[in-house]
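K.L.:
Handing over protein_11.cif, mmCIF, N, CA and C atoms.
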data_protein
loop_
_atom_site.label_atom_id
_atom_site.label_comp_id
_atom_site.auth_asym_id
_atom_site.auth_seq_id
_atom_site.Cartn_x
_atom_site.Cartn_y
_atom_site.Cartn_z
N MET A 1131 25.13 43.15 18.11
CA MET A 1131 24.96 41.89 17.42
C MET A 1131 24.27 42.15 16.10
N VAL A 1132 24.68 41.38 15.11
CA VAL A 1132 24.10 41.53 13.79
C VAL A 1132 24.15 40.19 13.06
N SER A 1133 23.13 39.90 12.27
CA SER A 1133 23.12 38.65 11.52
C SER A 1133 23.63 38.88 10.10
N ARG A 1134 24.03 37.82 9.45
CA ARG A 1134 24.46 37.90 8.05
C ARG A 1134 23.33 38.47 7.19
N ASP A 1135 22.09 38.06 7.45
CA ASP A 1135 20.95 38.57 6.68
C ASP A 1135 20.80 40.08 6.86
N GLN A 1136 21.01 40.57 8.08
CA GLN A 1136 20.92 42.01 8.32
C GLN A 1136 22.04 42.75 7.59
N LEU A 1137 23.25 42.19 7.59
CA LEU A 1137 24.36 42.83 6.88
C LEU A 1137 24.09 42.86 5.37
N ARG A 1138 23.54 41.78 4.85
CA ARG A 1138 23.19 41.75 3.42
C ARG A 1138 22.12 42.80 3.11
N ALA A 1139 21.14 42.95 4.00
CA ALA A 1139 20.09 43.95 3.79
C ALA A 1139 20.66 45.36 3.78
N LEU A 1140 21.78 45.56 4.45
CA LEU A 1140 22.46 46.86 4.45
C LEU A 1140 23.33 47.05 3.21
N GLY A 1141 23.41 46.01 2.37
CA GLY A 1141 24.15 46.13 1.12
C GLY A 1141 25.53 45.49 1.11
N LEU A 1142 25.93 44.80 2.18
CA LEU A 1142 27.23 44.15 2.20
C LEU A 1142 27.17 42.82 1.45
N SER A 1143 28.20 42.52 0.71
CA SER A 1143 28.30 41.23 0.02
C SER A 1143 28.91 40.21 0.98
N ASP A 1144 28.81 38.94 0.62
CA ASP A 1144 29.44 37.90 1.44
C ASP A 1144 30.94 38.12 1.52
N GLY A 1145 31.56 38.57 0.43
CA GLY A 1145 32.99 38.86 0.43
C GLY A 1145 33.34 39.97 1.41
N GLN A 1146 32.52 41.00 1.45
CA GLN A 1146 32.77 42.10 2.40
C GLN A 1146 32.59 41.63 3.84
N ILE A 1147 31.61 40.76 4.06
CA ILE A 1147 31.40 40.23 5.41
C ILE A 1147 32.60 39.38 5.82
N THR A 1148 33.08 38.55 4.92
CA THR A 1148 34.27 37.73 5.20
C THR A 1148 35.47 38.62 5.51
N TYR A 1149 35.67 39.65 4.72
CA TYR A 1149 36.80 40.58 4.94
C TYR A 1149 36.67 41.25 6.31
N ALA A 1150 35.47 41.68 6.65
CA ALA A 1150 35.26 42.33 7.95
C ALA A 1150 35.55 41.37 9.10
N THR A 1151 35.28 40.09 8.91
CA THR A 1151 35.59 39.09 9.92
C THR A 1151 37.10 38.87 10.01
N GLU A 1152 37.76 38.79 8.86
CA GLU A 1152 39.22 38.57 8.83
C GLU A 1152 39.99 39.74 9.43
N THR A 1153 39.45 40.94 9.35
CA THR A 1153 40.13 42.12 9.87
C THR A 1153 39.64 42.52 11.26
N SER A 1154 38.85 41.64 11.88
CA SER A 1154 38.35 41.81 13.25
C SER A 1154 37.36 42.96 13.41
N PHE A 1155 36.81 43.47 12.31
CA PHE A 1155 35.74 44.45 12.44
C PHE A 1155 34.47 43.74 12.92
N LEU A 1156 34.31 42.49 12.47
CA LEU A 1156 33.21 41.64 12.93
C LEU A 1156 33.80 40.42 13.61
N THR A 1157 33.20 40.00 14.70
CA THR A 1157 33.61 38.80 15.41
C THR A 1157 32.47 37.80 15.32
N GLN A 1158 32.72 36.65 14.66
CA GLN A 1158 31.66 35.65 14.52
C GLN A 1158 31.44 34.95 15.86
N LEU A 1159 30.17 34.90 16.28
CA LEU A 1159 29.82 34.24 17.54
C LEU A 1159 29.17 32.89 17.29
N PHE A 1160 28.19 32.87 16.41
CA PHE A 1160 27.51 31.66 15.99
C PHE A 1160 27.44 31.69 14.48
N ARG A 1161 27.06 30.60 13.88
CA ARG A 1161 26.92 30.56 12.43
C ARG A 1161 25.98 31.68 11.97
N GLY A 1162 26.51 32.60 11.18
CA GLY A 1162 25.70 33.68 10.62
C GLY A 1162 25.40 34.82 11.57
N THR A 1163 26.09 34.90 12.70
CA THR A 1163 25.84 35.94 13.69
C THR A 1163 27.16 36.53 14.16
N PHE A 1164 27.22 37.86 14.24
CA PHE A 1164 28.46 38.55 14.52
C PHE A 1164 28.27 39.64 15.57
N ALA A 1165 29.35 39.91 16.30
CA ALA A 1165 29.44 41.09 17.14
C ALA A 1165 30.30 42.09 16.38
N VAL A 1166 30.00 43.35 16.52
CA VAL A 1166 30.79 44.38 15.85
C VAL A 1166 32.03 44.66 16.70
N GLY A 1167 33.21 44.51 16.09
CA GLY A 1167 34.46 44.73 16.80
C GLY A 1167 34.80 43.58 17.73
N LEU A 1168 35.51 43.90 18.77
CA LEU A 1168 35.92 42.90 19.76
C LEU A 1168 35.34 43.26 21.12
N PRO A 1169 34.01 43.25 21.23
CA PRO A 1169 33.38 43.69 22.46
C PRO A 1169 33.44 42.64 23.57
N ALA A 1170 33.23 43.11 24.79
CA ALA A 1170 32.98 42.20 25.90
C ALA A 1170 31.50 41.83 25.77
N ILE A 1171 31.23 40.61 25.39
CA ILE A 1171 29.88 40.23 24.97
C ILE A 1171 28.94 39.97 26.14
N GLY A 1172 29.32 39.16 27.08
CA GLY A 1172 28.48 38.85 28.22
C GLY A 1172 27.30 37.95 27.89
N ASP A 1173 26.55 37.56 28.91
CA ASP A 1173 25.43 36.65 28.75
C ASP A 1173 24.34 37.21 27.84
N LEU A 1174 23.99 38.48 28.01
CA LEU A 1174 22.93 39.07 27.19
C LEU A 1174 23.33 39.11 25.72
N GLY A 1175 24.57 39.45 25.46
CA GLY A 1175 25.05 39.48 24.08
C GLY A 1175 25.01 38.10 23.44
N LEU A 1176 25.41 37.09 24.21
CA LEU A 1176 25.35 35.72 23.67
C LEU A 1176 23.92 35.28 23.40
N MET A 1177 23.00 35.65 24.29
CA MET A 1177 21.60 35.29 24.07
C MET A 1177 21.05 35.99 22.83
N GLN A 1178 21.38 37.26 22.66
CA GLN A 1178 20.92 37.98 21.49
C GLN A 1178 21.50 37.38 20.21
N ALA A 1179 22.78 37.05 20.23
CA ALA A 1179 23.43 36.45 19.06
C ALA A 1179 22.82 35.08 18.75
N ALA A 1180 22.56 34.29 19.78
CA ALA A 1180 21.97 32.97 19.58
C ALA A 1180 20.57 33.09 18.97
N ALA A 1181 19.78 34.03 19.46
CA ALA A 1181 18.44 34.23 18.91
C ALA A 1181 18.52 34.65 17.44
N LEU A 1182 19.45 35.52 17.11
CA LEU A 1182 19.64 35.91 15.71
C LEU A 1182 20.04 34.71 14.85
N ALA A 1183 20.92 33.87 15.37
CA ALA A 1183 21.40 32.71 14.62
C ALA A 1183 20.29 31.71 14.35
N CYS A 1184 19.30 31.66 15.23
CA CYS A 1184 18.24 30.65 15.11
C CYS A 1184 17.02 31.14 14.37
N GLY A 1185 16.98 32.39 14.00
CA GLY A 1185 15.89 32.89 13.17
C GLY A 1185 14.88 33.73 13.91
N PRO A 1186 14.05 34.44 13.15
CA PRO A 1186 13.14 35.42 13.74
C PRO A 1186 12.04 34.83 14.63
N GLU A 1187 11.76 33.55 14.49
CA GLU A 1187 10.70 32.95 15.31
C GLU A 1187 11.25 32.20 16.52
N ALA A 1188 12.56 32.22 16.71
CA ALA A 1188 13.16 31.55 17.86
C ALA A 1188 13.08 32.44 19.10
N ALA A 1189 13.03 31.80 20.26
CA ALA A 1189 12.99 32.55 21.52
C ALA A 1189 13.91 31.87 22.53
N VAL A 1190 14.60 32.67 23.30
CA VAL A 1190 15.39 32.14 24.41
C VAL A 1190 14.42 31.44 25.35
N SER A 1191 14.80 30.27 25.83
CA SER A 1191 13.88 29.47 26.64
C SER A 1191 14.63 28.71 27.73
N HIS A 1192 13.88 27.93 28.46
CA HIS A 1192 14.39 27.03 29.50
C HIS A 1192 15.34 27.77 30.45
N GLY A 1193 16.48 27.19 30.77
CA GLY A 1193 17.39 27.79 31.75
C GLY A 1193 17.87 29.17 31.37
N SER A 1194 18.09 29.41 30.08
CA SER A 1194 18.55 30.74 29.65
C SER A 1194 17.46 31.78 29.88
N ALA A 1195 16.20 31.39 29.70
CA ALA A 1195 15.10 32.33 29.96
C ALA A 1195 15.05 32.72 31.43
N THR A 1196 15.40 31.78 32.34
CA THR A 1196 15.37 32.14 33.76
C THR A 1196 16.39 33.23 34.06
N VAL A 1197 17.53 33.19 33.38
CA VAL A 1197 18.55 34.23 33.57
C VAL A 1197 18.05 35.55 32.97
N LEU A 1198 17.54 35.50 31.75
CA LEU A 1198 17.08 36.71 31.07
C LEU A 1198 15.90 37.36 31.80
N LEU A 1199 15.02 36.54 32.38
CA LEU A 1199 13.85 37.06 33.09
C LEU A 1199 14.16 37.46 34.54
N GLY A 1200 15.39 37.26 34.98
CA GLY A 1200 15.76 37.63 36.35
C GLY A 1200 15.35 36.63 37.40
N LEU A 1201 15.03 35.40 36.99
CA LEU A 1201 14.63 34.36 37.94
C LEU A 1201 15.83 33.60 38.49
N SER A 1202 16.96 33.73 37.81
CA SER A 1202 18.17 33.02 38.21
C SER A 1202 19.37 33.86 37.81
N GLU A 1203 20.44 33.71 38.55
CA GLU A 1203 21.68 34.41 38.21
C GLU A 1203 22.75 33.43 37.75
N LYS A 1204 22.39 32.17 37.67
CA LYS A 1204 23.35 31.13 37.32
C LYS A 1204 23.66 31.16 35.83
N PRO A 1205 24.88 31.51 35.45
CA PRO A 1205 25.23 31.50 34.02
C PRO A 1205 25.26 30.07 33.48
N LEU A 1206 24.87 29.91 32.24
CA LEU A 1206 24.81 28.60 31.62
C LEU A 1206 25.90 28.45 30.57
N ALA A 1207 26.37 27.23 30.39
CA ALA A 1207 27.40 26.97 29.38
C ALA A 1207 26.84 27.08 27.97
N LEU A 1208 25.55 26.77 27.80
CA LEU A 1208 24.89 26.83 26.50
C LEU A 1208 23.71 27.80 26.58
N THR A 1209 23.36 28.39 25.45
CA THR A 1209 22.17 29.22 25.38
C THR A 1209 21.03 28.36 24.88
N HIS A 1210 19.93 28.32 25.62
CA HIS A 1210 18.79 27.47 25.30
C HIS A 1210 17.77 28.27 24.49
N LEU A 1211 17.31 27.66 23.38
CA LEU A 1211 16.32 28.30 22.52
C LEU A 1211 15.27 27.30 22.07
N THR A 1212 14.09 27.83 21.75
CA THR A 1212 12.99 27.06 21.20
C THR A 1212 12.50 27.81 19.97
N GLY A 1213 12.15 27.07 18.94
CA GLY A 1213 11.61 27.70 17.74
C GLY A 1213 11.20 26.65 16.74
N PRO A 1214 10.66 27.11 15.62
CA PRO A 1214 10.21 26.16 14.60
C PRO A 1214 11.38 25.60 13.80
N GLY A 1215 11.15 24.45 13.21
CA GLY A 1215 12.16 23.87 12.32
C GLY A 1215 13.40 23.40 13.05
N GLU A 1216 14.46 23.33 12.32
CA GLU A 1216 15.72 22.78 12.82
C GLU A 1216 16.86 23.79 12.76
N ARG A 1217 16.55 25.06 12.52
CA ARG A 1217 17.60 26.05 12.28
C ARG A 1217 18.62 26.14 13.41
N GLY A 1218 18.21 25.91 14.64
CA GLY A 1218 19.12 26.03 15.76
C GLY A 1218 19.89 24.78 16.09
N ARG A 1219 19.57 23.68 15.41
CA ARG A 1219 20.27 22.42 15.70
C ARG A 1219 21.68 22.45 15.15
N GLY A 1220 22.59 21.84 15.87
CA GLY A 1220 23.95 21.67 15.39
C GLY A 1220 24.81 22.91 15.46
N ILE A 1221 24.39 23.94 16.18
CA ILE A 1221 25.21 25.14 16.34
C ILE A 1221 25.90 25.04 17.69
N ASP A 1222 27.23 25.03 17.68
CA ASP A 1222 27.99 24.98 18.93
C ASP A 1222 27.59 26.13 19.84
N GLY A 1223 27.34 25.83 21.11
CA GLY A 1223 26.98 26.84 22.09
C GLY A 1223 25.49 27.06 22.24
N ILE A 1224 24.68 26.38 21.40
CA ILE A 1224 23.23 26.53 21.47
C ILE A 1224 22.61 25.17 21.77
N ARG A 1225 21.71 25.17 22.73
CA ARG A 1225 20.90 23.97 23.03
C ARG A 1225 19.52 24.22 22.45
N TRP A 1226 19.19 23.51 21.37
CA TRP A 1226 17.93 23.67 20.66
C TRP A 1226 16.91 22.71 21.24
N HIS A 1227 15.78 23.22 21.68
CA HIS A 1227 14.75 22.39 22.30
C HIS A 1227 13.63 22.10 21.32
N ARG A 1228 13.28 20.83 21.22
CA ARG A 1228 12.15 20.40 20.40
C ARG A 1228 10.97 20.15 21.33
N VAL A 1229 10.24 21.17 21.59
CA VAL A 1229 9.05 21.12 22.44
C VAL A 1229 7.92 21.80 21.67
N PRO A 1230 6.67 21.64 22.12
CA PRO A 1230 5.60 22.38 21.44
C PRO A 1230 5.94 23.87 21.39
N LEU A 1231 5.77 24.47 20.24
CA LEU A 1231 6.13 25.87 20.06
C LEU A 1231 5.30 26.77 20.95
N PRO A 1232 5.91 27.79 21.51
CA PRO A 1232 5.14 28.75 22.29
C PRO A 1232 4.23 29.56 21.38
N GLY A 1233 3.03 29.85 21.87
CA GLY A 1233 2.13 30.73 21.14
C GLY A 1233 2.58 32.17 21.31
N PRO A 1234 2.01 33.08 20.55
CA PRO A 1234 2.41 34.49 20.64
C PRO A 1234 2.27 35.07 22.04
N GLU A 1235 1.28 34.57 22.79
CA GLU A 1235 1.08 35.06 24.15
C GLU A 1235 2.10 34.49 25.13
N GLU A 1236 2.92 33.54 24.69
CA GLU A 1236 3.93 32.92 25.54
C GLU A 1236 5.35 33.42 25.25
N VAL A 1237 5.44 34.44 24.40
CA VAL A 1237 6.75 35.01 24.07
C VAL A 1237 6.72 36.50 24.38
N THR A 1238 7.77 36.96 25.01
CA THR A 1238 7.92 38.37 25.35
C THR A 1238 9.30 38.83 24.86
N THR A 1239 9.65 40.04 25.14
CA THR A 1239 10.97 40.56 24.78
C THR A 1239 11.59 41.19 26.02
N ARG A 1240 12.82 40.80 26.30
CA ARG A 1240 13.59 41.40 27.40
C ARG A 1240 14.90 41.90 26.83
N ASP A 1241 15.20 43.16 27.07
CA ASP A 1241 16.44 43.76 26.57
C ASP A 1241 16.59 43.54 25.06
N GLY A 1242 15.47 43.57 24.34
CA GLY A 1242 15.49 43.40 22.90
C GLY A 1242 15.66 41.96 22.43
N ILE A 1243 15.58 41.01 23.35
CA ILE A 1243 15.79 39.59 23.03
C ILE A 1243 14.48 38.84 23.18
N PRO A 1244 14.04 38.12 22.14
CA PRO A 1244 12.81 37.33 22.28
C PRO A 1244 13.01 36.21 23.30
N CYS A 1245 12.02 36.04 24.15
CA CYS A 1245 12.16 35.12 25.29
C CYS A 1245 10.79 34.57 25.65
N THR A 1246 10.75 33.33 26.12
CA THR A 1246 9.49 32.79 26.62
C THR A 1246 9.10 33.53 27.90
N THR A 1247 7.80 33.63 28.14
CA THR A 1247 7.30 34.30 29.34
C THR A 1247 7.66 33.50 30.59
N VAL A 1248 7.48 34.11 31.74
CA VAL A 1248 7.75 33.41 33.00
C VAL A 1248 6.93 32.13 33.07
N ALA A 1249 5.63 32.23 32.78
CA ALA A 1249 4.75 31.05 32.88
C ALA A 1249 5.23 29.94 31.93
N ARG A 1250 5.51 30.27 30.70
CA ARG A 1250 5.96 29.25 29.72
C ARG A 1250 7.30 28.68 30.14
N THR A 1251 8.19 29.51 30.64
CA THR A 1251 9.50 29.04 31.07
C THR A 1251 9.36 28.01 32.20
N LEU A 1252 8.48 28.29 33.15
CA LEU A 1252 8.28 27.34 34.27
C LEU A 1252 7.69 26.03 33.76
N VAL A 1253 6.77 26.10 32.80
CA VAL A 1253 6.20 24.89 32.22
C VAL A 1253 7.29 24.10 31.50
N ASP A 1254 8.13 24.78 30.71
CA ASP A 1254 9.21 24.10 30.01
C ASP A 1254 10.17 23.41 30.98
N LEU A 1255 10.49 24.08 32.06
CA LEU A 1255 11.43 23.50 33.03
C LEU A 1255 10.79 22.36 33.82
N GLY A 1256 9.46 22.42 34.01
CA GLY A 1256 8.77 21.40 34.76
C GLY A 1256 8.53 20.12 33.95
N GLY A 1257 8.64 20.21 32.62
CA GLY A 1257 8.34 19.08 31.76
C GLY A 1257 9.38 18.01 31.86
#
How does the structure come out when it is put into structure tokens?

P.N.:
Amino acid sequence: MVSRDQLRALGLSDGQITYATETSFLTQLFRGTFAVGLPAIGDLGLMQAAALACGPEAAVSHGSATVLLGLSEKPLALTHLTGPGERGRGIDGIRWHRVPLPGPEEVTTRDGIPCTTVARTLVDLGG
């Protein structure tokens, strides 16, 4: 998974990114987020792509966090995220939650994906 910002930081222009998408070198998953090639993405790949699309301060949360943390095996139709601002709103496939932001001690990383901790996830689901 790679974001448009990461591709730009590597020196690619918007035109080159568009060309790579048109030639299937990049597969767009969410606004500004791509998989390289035509991979079998799976739940973890979608969560990683969603987190990239929503910005560096976003974290997988709620039902999606239960899957990422190993508390549930039930796949979800949408990837749930929490973060500051509105960056995640209006993106197909993402459920953006407007709840009090998790503090640094309430966010962890699983498989390279930012995620709310078990305790914060249970609080979010209990609310």

K.L.:
What is the distance between CA of Val1253 in chain A and CA of Val1190 in chain A, in Å to one decimal?

P.N.:
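CA of Val1253 in chain A sits 14.1 Å away from CA of Val1190 in chain A.
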
K.L.:
Could you name the residues that touch Met1177 in chain A at 7 Å or less, counting all atoms listed in the file, but leaving out those on the same chain fewer than 3 positions away, as a short mmCIF file (atom, residue, chain, number, x, y, z; two decimals) with N, CA and C atoms, in the coordinates of the input?

P.N.:
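Result went into part.cif, see below:
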data_model
loop_
_atom_site.label_atom_id
_atom_site.label_comp_id
_atom_site.auth_asym_id
_atom_site.auth_seq_id
_atom_site.Cartn_x
_atom_site.Cartn_y
_atom_site.Cartn_z
N GLY A 1172 29.32 39.16 27.08
CA GLY A 1172 28.48 38.85 28.22
C GLY A 1172 27.30 37.95 27.89
N ASP A 1173 26.55 37.56 28.91
CA ASP A 1173 25.43 36.65 28.75
C ASP A 1173 24.34 37.21 27.84
N LEU A 1174 23.99 38.48 28.01
CA LEU A 1174 22.93 39.07 27.19
C LEU A 1174 23.33 39.11 25.72
N ALA A 1180 22.56 34.29 19.78
CA ALA A 1180 21.97 32.97 19.58
C ALA A 1180 20.57 33.09 18.97
N ALA A 1181 19.78 34.03 19.46
CA ALA A 1181 18.44 34.23 18.91
C ALA A 1181 18.52 34.65 17.44
N LEU A 1182 19.45 35.52 17.11
CA LEU A 1182 19.64 35.91 15.71
C LEU A 1182 20.04 34.71 14.85
N VAL A 1190 14.60 32.67 23.30
CA VAL A 1190 15.39 32.14 24.41
C VAL A 1190 14.42 31.44 25.35
N THR A 1209 23.36 28.39 25.45
CA THR A 1209 22.17 29.22 25.38
C THR A 1209 21.03 28.36 24.88
N ILE A 1243 15.58 41.01 23.35
CA ILE A 1243 15.79 39.59 23.03
C ILE A 1243 14.48 38.84 23.18
#

K.L.:
Could you tell me, as number ranges by chain, exactly which residues end up selected when the PyMOL selection byres ((chain A and resi 1216-1231) around 8) is applied to this structure?

P.N.:
A: 1159-1161, 1180, 1183-1185, 1207-1215, 1232-1234, 1236

K.L.:
Can you spit out the residues from that selection as a short mmCIF file (atom, residue, chain, number, x, y, z; two decimals), in the frame of the given file, using N, CA and C atoms?

P.N.:
data_model
loop_
_atom_site.label_atom_id
_atom_site.label_comp_id
_atom_site.auth_asym_id
_atom_site.auth_seq_id
_atom_site.Cartn_x
_atom_site.Cartn_y
_atom_site.Cartn_z
N LEU A 1159 30.17 34.90 16.28
CA LEU A 1159 29.82 34.24 17.54
C LEU A 1159 29.17 32.89 17.29
N PHE A 1160 28.19 32.87 16.41
CA PHE A 1160 27.51 31.66 15.99
C PHE A 1160 27.44 31.69 14.48
N ARG A 1161 27.06 30.60 13.88
CA ARG A 1161 26.92 30.56 12.43
C ARG A 1161 25.98 31.68 11.97
N ALA A 1180 22.56 34.29 19.78
CA ALA A 1180 21.97 32.97 19.58
C ALA A 1180 20.57 33.09 18.97
N ALA A 1183 20.92 33.87 15.37
CA ALA A 1183 21.40 32.71 14.62
C ALA A 1183 20.29 31.71 14.35
N CYS A 1184 19.30 31.66 15.23
CA CYS A 1184 18.24 30.65 15.11
C CYS A 1184 17.02 31.14 14.37
N GLY A 1185 16.98 32.39 14.00
CA GLY A 1185 15.89 32.89 13.17
C GLY A 1185 14.88 33.73 13.91
N ALA A 1207 26.37 27.23 30.39
CA ALA A 1207 27.40 26.97 29.38
C ALA A 1207 26.84 27.08 27.97
N LEU A 1208 25.55 26.77 27.80
CA LEU A 1208 24.89 26.83 26.50
C LEU A 1208 23.71 27.80 26.58
N THR A 1209 23.36 28.39 25.45
CA THR A 1209 22.17 29.22 25.38
C THR A 1209 21.03 28.36 24.88
N HIS A 1210 19.93 28.32 25.62
CA HIS A 1210 18.79 27.47 25.30
C HIS A 1210 17.77 28.27 24.49
N LEU A 1211 17.31 27.66 23.38
CA LEU A 1211 16.32 28.30 22.52
C LEU A 1211 15.27 27.30 22.07
N THR A 1212 14.09 27.83 21.75
CA THR A 1212 12.99 27.06 21.20
C THR A 1212 12.50 27.81 19.97
N GLY A 1213 12.15 27.07 18.94
CA GLY A 1213 11.61 27.70 17.74
C GLY A 1213 11.20 26.65 16.74
N PRO A 1214 10.66 27.11 15.62
CA PRO A 1214 10.21 26.16 14.60
C PRO A 1214 11.38 25.60 13.80
N GLY A 1215 11.15 24.45 13.21
CA GLY A 1215 12.16 23.87 12.32
C GLY A 1215 13.40 23.40 13.05
N PRO A 1232 5.91 27.79 21.51
CA PRO A 1232 5.14 28.75 22.29
C PRO A 1232 4.23 29.56 21.38
N GLY A 1233 3.03 29.85 21.87
CA GLY A 1233 2.13 30.73 21.14
C GLY A 1233 2.58 32.17 21.31
N PRO A 1234 2.01 33.08 20.55
CA PRO A 1234 2.41 34.49 20.64
C PRO A 1234 2.27 35.07 22.04
N GLU A 1236 2.92 33.54 24.69
CA GLU A 1236 3.93 32.92 25.54
C GLU A 1236 5.35 33.42 25.25
#

K.L.:
For the atom pair atom C of Ser1143 in chain A and CA of Pro1244 in chain A, what is the interatomic distance in Å to one decimal place?

P.N.:
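Distance between the two atoms: 26.9 Å.
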
K.L.:
Atom C of Gly1175 in chain A and atom N of Ser1202 in chain A, how far apart in Å?

P.N.:
17.0 Å

K.L.:
Could you find all residues in range 1180-1252 of chain A that DSSP calls alpha helix (DSSP H) from the backbone, and write them as a list in words?

P.N.:
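Listing alpha helix (DSSP H) positions across range 1180-1252 of chain A yields Ala1180, Ala1181, Leu1182, Ala1183, Cys1184, His1192, Gly1193, Ser1194, Ala1195, Thr1196, Val1197, Leu1198, Val1248, Ala1249, Arg1250, Thr1251 and Leu1252 of chain A.
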
K.L.:
Please write the residues picked by the PyMOL selection byres ((chain A and resi 1156) around 5) on this file as a ChimeraX atom specification.

P.N.:
/A:1150-1151,1154-1155,1157-1158,1165-1167

K.L.:
Extract range 1213-1228 of chain A from the preceding block and save N, CA, C and O atoms as a PDB file, in the first residue's frame.

P.N.:
ATOM      1  N   GLY A1213     -10.050   9.700  13.823  1.00  0.00           N
ATOM      2  CA  GLY A1213      -8.918  10.608  13.694  1.00  0.00           C
ATOM      3  C   GLY A1213      -9.388  12.039  13.745  1.00  0.00           C
ATOM      4  O   GLY A1213     -10.582  12.323  13.823  1.00  0.00           O
ATOM      5  N   PRO A1214      -8.441  12.960  13.679  1.00  0.00           N
ATOM      6  CA  PRO A1214      -8.803  14.376  13.742  1.00  0.00           C
ATOM      7  C   PRO A1214      -9.376  14.866  12.415  1.00  0.00           C
ATOM      8  O   PRO A1214      -9.136  14.289  11.362  1.00  0.00           O
ATOM      9  N   GLY A1215     -10.132  15.934  12.492  1.00  0.00           N
ATOM     10  CA  GLY A1215     -10.638  16.568  11.277  1.00  0.00           C
ATOM     11  C   GLY A1215     -11.667  15.734  10.548  1.00  0.00           C
ATOM     12  O   GLY A1215     -12.310  14.865  11.118  1.00  0.00           O
ATOM     13  N   GLU A1216     -11.783  15.989   9.288  1.00  0.00           N
ATOM     14  CA  GLU A1216     -12.810  15.366   8.460  1.00  0.00           C
ATOM     15  C   GLU A1216     -12.219  14.576   7.298  1.00  0.00           C
ATOM     16  O   GLU A1216     -12.925  14.212   6.370  1.00  0.00           O
ATOM     17  N   ARG A1217     -10.915  14.330   7.314  1.00  0.00           N
ATOM     18  CA  ARG A1217     -10.249  13.734   6.154  1.00  0.00           C
ATOM     19  C   ARG A1217     -10.856  12.396   5.737  1.00  0.00           C
ATOM     20  O   ARG A1217     -10.870  12.062   4.571  1.00  0.00           O
ATOM     21  N   GLY A1218     -11.358  11.622   6.671  1.00  0.00           N
ATOM     22  CA  GLY A1218     -11.903  10.315   6.347  1.00  0.00           C
ATOM     23  C   GLY A1218     -13.361  10.314   5.948  1.00  0.00           C
ATOM     24  O   GLY A1218     -13.904   9.292   5.540  1.00  0.00           O
ATOM     25  N   ARG A1219     -14.019  11.468   6.070  1.00  0.00           N
ATOM     26  CA  ARG A1219     -15.447  11.528   5.726  1.00  0.00           C
ATOM     27  C   ARG A1219     -15.641  11.471   4.220  1.00  0.00           C
ATOM     28  O   ARG A1219     -14.866  12.025   3.458  1.00  0.00           O
ATOM     29  N   GLY A1220     -16.690  10.811   3.803  1.00  0.00           N
ATOM     30  CA  GLY A1220     -17.072  10.807   2.404  1.00  0.00           C
ATOM     31  C   GLY A1220     -16.235   9.908   1.522  1.00  0.00           C
ATOM     32  O   GLY A1220     -16.307  10.015   0.303  1.00  0.00           O
ATOM     33  N   ILE A1221     -15.447   9.016   2.091  1.00  0.00           N
ATOM     34  CA  ILE A1221     -14.668   8.071   1.293  1.00  0.00           C
ATOM     35  C   ILE A1221     -15.414   6.748   1.282  1.00  0.00           C
ATOM     36  O   ILE A1221     -15.658   6.152   2.335  1.00  0.00           O
ATOM     37  N   ASP A1222     -15.809   6.294   0.097  1.00  0.00           N
ATOM     38  CA  ASP A1222     -16.505   5.012  -0.020  1.00  0.00           C
ATOM     39  C   ASP A1222     -15.668   3.903   0.601  1.00  0.00           C
ATOM     40  O   ASP A1222     -14.465   3.803   0.368  1.00  0.00           O
ATOM     41  N   GLY A1223     -16.301   3.066   1.412  1.00  0.00           N
ATOM     42  CA  GLY A1223     -15.633   1.940   2.047  1.00  0.00           C
ATOM     43  C   GLY A1223     -15.063   2.248   3.419  1.00  0.00           C
ATOM     44  O   GLY A1223     -14.541   1.368   4.083  1.00  0.00           O
ATOM     45  N   ILE A1224     -15.139   3.522   3.841  1.00  0.00           N
ATOM     46  CA  ILE A1224     -14.614   3.911   5.146  1.00  0.00           C
ATOM     47  C   ILE A1224     -15.747   4.473   5.992  1.00  0.00           C
ATOM     48  O   ILE A1224     -16.521   5.300   5.541  1.00  0.00           O
ATOM     49  N   ARG A1225     -15.820   4.000   7.222  1.00  0.00           N
ATOM     50  CA  ARG A1225     -16.763   4.556   8.211  1.00  0.00           C
ATOM     51  C   ARG A1225     -15.943   5.413   9.156  1.00  0.00           C
ATOM     52  O   ARG A1225     -15.121   4.916   9.921  1.00  0.00           O
ATOM     53  N   TRP A1226     -16.104   6.731   9.057  1.00  0.00           N
ATOM     54  CA  TRP A1226     -15.350   7.699   9.848  1.00  0.00           C
ATOM     55  C   TRP A1226     -16.116   7.999  11.126  1.00  0.00           C
ATOM     56  O   TRP A1226     -17.276   8.375  11.076  1.00  0.00           O
ATOM     57  N   HIS A1227     -15.478   7.808  12.265  1.00  0.00           N
ATOM     58  CA  HIS A1227     -16.141   8.017  13.552  1.00  0.00           C
ATOM     59  C   HIS A1227     -15.734   9.354  14.148  1.00  0.00           C
ATOM     60  O   HIS A1227     -14.554   9.679  14.232  1.00  0.00           O
ATOM     61  N   ARG A1228     -16.738  10.108  14.565  1.00  0.00           N
ATOM     62  CA  ARG A1228     -16.503  11.376  15.262  1.00  0.00           C
ATOM     63  C   ARG A1228     -16.713  11.132  16.746  1.00  0.00           C
ATOM     64  O   ARG A1228     -17.804  11.270  17.269  1.00  0.00           O
TER      65      ARG A1228
END
